[in-house]
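Colleague: Right, I'll just put the structure down here and ask away after.
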Amino acid sequence: MLSRSEHETEEIARELAKRLPPDTQAVALTGGMGAGKTVFARGLAGGLGYGGAAASPTYTVVNEYGGIFHFDWYRLAGGQELYELGWDEYLERGLCIVEWSERAPGALPPRTVRVSLAPVDGAPEHREITIEEKWS
């Protein structure tokens, strides 16, 4: 699908939140720097009932939004570091939204929805968003 603005990206994420299968463990976001991953995560958290401000956890690795865990794996040294942070426990406690999920793809659980965001050439605000809801 095509988003023409940050607002539309958030709305697409809110719509996804309404139709996430109840046993979803993670939403894995991929895309380059500035692709809109944090905007998508903000919309998803809002669609799941979080009313506060969702920000990128780039320097903290994870932010908690009342049972929703927003991860940024950009600075991870490897999958082992993720497990040392308690990744398994987070998966048991609630839904995990993961930016830069391609940094440790083997850590993603089977019940993961994958979302890729990519800028559209010649239209700086436009994003192509692809959602894969098949379980791996």
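By order in the structure tokens, chains are A, B, ...; within a chain, residues start at 1; ligands start at 1, following the order shown.
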Quick one: which region 14-67 of chain A residues come within 12 Å of region 81-86 of chain A, and what is the nearest atom pair for each with the distance in Å to one decimal, counting only C-alpha atoms, rows ordered by chain and ascending number, as JSON lines?
Modeller:
{"residue": "A:Thr60", "atom": "CA", "partner": "A:Leu85", "partner_atom": "CA", "distance": 11.0}
{"residue": "A:Val61", "atom": "CA", "partner": "A:Leu85", "partner_atom": "CA", "distance": 9.1}
{"residue": "A:Val62", "atom": "CA", "partner": "A:Leu85", "partner_atom": "CA", "distance": 9.4}
Colleague: Against region 33-37 of chain A, which residues of region 60-82 of chain A fall within 12 Å? For each one I want the closest pair of atoms and the distance in Å (one decimal), counting only C-alpha atoms, rows by chain and increasing residue number, as CSV.
Modeller:
residue,atom,partner,partner_atom,distance
A:His70,CA,A:Lys37,CA,10.9
A:Phe71,CA,A:Lys37,CA,10.9
A:Asp72,CA,A:Lys37,CA,9.7
A:Trp73,CA,A:Lys37,CA,11.9
A:Tyr74,CA,A:Met33,CA,9.9
Colleague: Create the file for the chosen residues now, containing N, CA, C and O atoms and written as an mmCIF file, in the first residue's frame.
Modeller:
data_model
loop_
_atom_site.group_PDB
_atom_site.id
_atom_site.type_symbol
_atom_site.label_atom_id
_atom_site.label_comp_id
_atom_site.auth_asym_id
_atom_site.auth_seq_id
_atom_site.Cartn_x
_atom_site.Cartn_y
_atom_site.Cartn_z
ATOM 1 N N HIS A 70 8.445 -1.562 22.567
ATOM 2 C CA HIS A 70 8.939 -0.987 21.318
ATOM 3 C C HIS A 70 10.467 -1.071 21.334
ATOM 4 O O HIS A 70 11.127 -0.363 22.094
ATOM 5 N N PHE A 71 11.001 -1.936 20.492
ATOM 6 C CA PHE A 71 12.443 -2.170 20.417
ATOM 7 C C PHE A 71 13.048 -1.477 19.209
ATOM 8 O O PHE A 71 12.407 -1.324 18.179
ATOM 9 N N ASP A 72 14.325 -1.120 19.348
ATOM 10 C CA ASP A 72 15.138 -0.650 18.223
ATOM 11 C C ASP A 72 16.418 -1.466 18.259
ATOM 12 O O ASP A 72 17.224 -1.330 19.171
ATOM 13 N N TRP A 73 16.599 -2.340 17.265
ATOM 14 C CA TRP A 73 17.755 -3.236 17.242
ATOM 15 C C TRP A 73 18.915 -2.663 16.443
ATOM 16 O O TRP A 73 19.896 -3.365 16.192
ATOM 17 N N TYR A 74 18.861 -1.398 16.073
ATOM 18 C CA TYR A 74 19.903 -0.814 15.234
ATOM 19 C C TYR A 74 21.298 -0.957 15.838
ATOM 20 O O TYR A 74 22.266 -1.245 15.145
#
Colleague: Applying 8 Å and only C-alpha atoms, which residues near region 94-97 of chain A remain after dropping the ones on its own chain fewer than 5 positions away? List them as number ranges by chain.
Modeller: A: 24-29, 41, 67-71
Colleague: Residues within 10 Å of Gln80 (chain A), please, as an NGL selection string. Count only C-alpha atoms; anything in the same chain fewer than 6 positions from it doesn't count.
Modeller: :A and (87 or 104 or 107)
Colleague: Take the residues from that selection and write them out as a compact mmCIF listing (two decimals), in the first residue's frame, keeping C-alpha atoms.
Modeller:
# COMPACT_ATOMS: atom_id res chain seq x y z
CA TRP A 87 13.97 -10.75 24.87
CA ALA A 104 18.64 -10.37 14.36
CA ALA A 107 15.35 -13.96 17.18
Colleague: Enumerate the residues of region 69-134 of chain A with a DSSP assignment of strand (DSSP E), computed from the backbone, and present them as a ChimeraX atom specification.
Modeller: /A:69-72,95-99,112-120,123-132
Colleague: Any chance you could export the current selection's C-alpha atoms as an mmCIF file, in the first residue's frame?
Modeller:
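For reference, result35.cif as written:
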data_model
loop_
_atom_site.group_PDB
_atom_site.id
_atom_site.type_symbol
_atom_site.label_atom_id
_atom_site.label_comp_id
_atom_site.auth_asym_id
_atom_site.auth_seq_id
_atom_site.Cartn_x
_atom_site.Cartn_y
_atom_site.Cartn_z
ATOM 1 C CA PHE A 69 7.328 -3.151 23.999
ATOM 2 C CA HIS A 70 8.939 -0.987 21.318
ATOM 3 C CA PHE A 71 12.443 -2.170 20.417
ATOM 4 C CA ASP A 72 15.138 -0.650 18.223
ATOM 5 C CA LEU A 95 3.423 -7.492 21.973
ATOM 6 C CA CYS A 96 6.884 -6.487 20.766
ATOM 7 C CA ILE A 97 7.255 -3.899 17.989
ATOM 8 C CA VAL A 98 10.766 -4.158 16.547
ATOM 9 C CA GLU A 99 12.529 -1.545 14.428
ATOM 10 C CA THR A 112 5.488 -12.320 13.772
ATOM 11 C CA VAL A 113 3.814 -9.866 11.408
ATOM 12 C CA ARG A 114 6.395 -8.369 9.068
ATOM 13 C CA VAL A 115 6.140 -4.797 7.785
ATOM 14 C CA SER A 116 8.539 -3.248 5.315
ATOM 15 C CA LEU A 117 8.619 0.484 4.619
ATOM 16 C CA ALA A 118 10.411 2.017 1.652
ATOM 17 C CA PRO A 119 10.531 5.577 0.305
ATOM 18 C CA VAL A 120 9.078 6.121 -3.158
ATOM 19 C CA ALA A 123 8.156 11.692 -3.666
ATOM 20 C CA PRO A 124 9.969 12.354 -0.359
ATOM 21 C CA GLU A 125 6.871 11.967 1.835
ATOM 22 C CA HIS A 126 5.550 8.827 0.113
ATOM 23 C CA ARG A 127 6.185 5.337 1.467
ATOM 24 C CA GLU A 128 5.451 1.915 0.032
ATOM 25 C CA ILE A 129 4.281 -0.271 2.939
ATOM 26 C CA THR A 130 4.138 -4.048 2.626
ATOM 27 C CA ILE A 131 2.550 -6.169 5.364
ATOM 28 C CA GLU A 132 3.100 -9.916 5.574
#
Colleague: Could you pull out all residues of region 7-122 of chain A with a DSSP call of helix (DSSP H, G or I) and give them as a ChimeraX atom specification?
Modeller: /A:7-19,37-47,79-84,87-93,101-103,105-107
Colleague: Which residues are near Phe40 (chain A)? Cut-off 6 Å, only C-alpha atoms, ignore same chain within fewer than 4 positions. Put them as a PDB file with N, CA, C and O atoms, in the first residue's frame.
Modeller:
ATOM      1  N   THR A   9       0.720   7.047   7.221  1.00  0.00           N
ATOM      2  CA  THR A   9       1.498   5.916   7.725  1.00  0.00           C
ATOM      3  C   THR A   9       0.970   5.492   9.091  1.00  0.00           C
ATOM      4  O   THR A   9       0.779   4.305   9.364  1.00  0.00           O
ATOM      5  N   GLU A  10       0.717   6.460   9.960  1.00  0.00           N
ATOM      6  CA  GLU A  10       0.147   6.156  11.280  1.00  0.00           C
ATOM      7  C   GLU A  10      -1.224   5.500  11.148  1.00  0.00           C
ATOM      8  O   GLU A  10      -1.535   4.556  11.882  1.00  0.00           O
ATOM      9  N   ALA A  13      -0.970   1.888  10.196  1.00  0.00           N
ATOM     10  CA  ALA A  13      -0.563   1.118  11.373  1.00  0.00           C
ATOM     11  C   ALA A  13      -1.735   0.927  12.335  1.00  0.00           C
ATOM     12  O   ALA A  13      -1.919  -0.156  12.902  1.00  0.00           O
TER      13      ALA A  13
END
Colleague: So that I can see what lies close to region 42-47 of chain A, please list as number ranges by chain the residues with an atom at most 7 Å from it, counting only C-alpha atoms and leaving out residues fewer than 5 positions away in the same chain.
Modeller: A: 10-11, 13-14, 17-18, 54
Colleague: What does the file look like for those residues with C-alpha atoms, as a PDB file, in the first residue's frame?
Modeller:
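Result went into part30.pdb, see below:
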ATOM      1  CA  GLU A  10       0.147   6.156  11.280  1.00  0.00           C
ATOM      2  CA  GLU A  11      -3.383   5.409  10.033  1.00  0.00           C
ATOM      3  CA  ALA A  13      -0.563   1.118  11.373  1.00  0.00           C
ATOM      4  CA  ARG A  14      -3.734   1.843  13.390  1.00  0.00           C
ATOM      5  CA  ALA A  17      -3.587  -2.935  15.042  1.00  0.00           C
ATOM      6  CA  LYS A  18      -7.329  -3.598  14.672  1.00  0.00           C
ATOM      7  CA  ALA A  54       5.793   6.826  21.339  1.00  0.00           C
TER       8      ALA A  54
END
Colleague: Could you work out how far CA of Trp100 (chain A) lies from CA of Asp121 (chain A), giving the answer in Å with one decimal?
Modeller: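 According to the coordinates, CA of Asp121 (chain A) and CA of Trp100 (chain A) are separated by 21.3 Å.
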Colleague: Do you have the CA of Arg19 (chain A)-CA of Gly32 (chain A) distance handy?
Modeller: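 Atom-to-atom, CA of Arg19 (chain A) and CA of Gly32 (chain A) are spaced 25.7 Å apart.
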Colleague: Report the distance between CA of Gly79 (chain A) and CA of Ile12 (chain A) in Å, rounded to one decimal place.
Modeller: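 Taking CA of Gly79 (chain A) and CA of Ile12 (chain A), their separation equals 29.5 Å.
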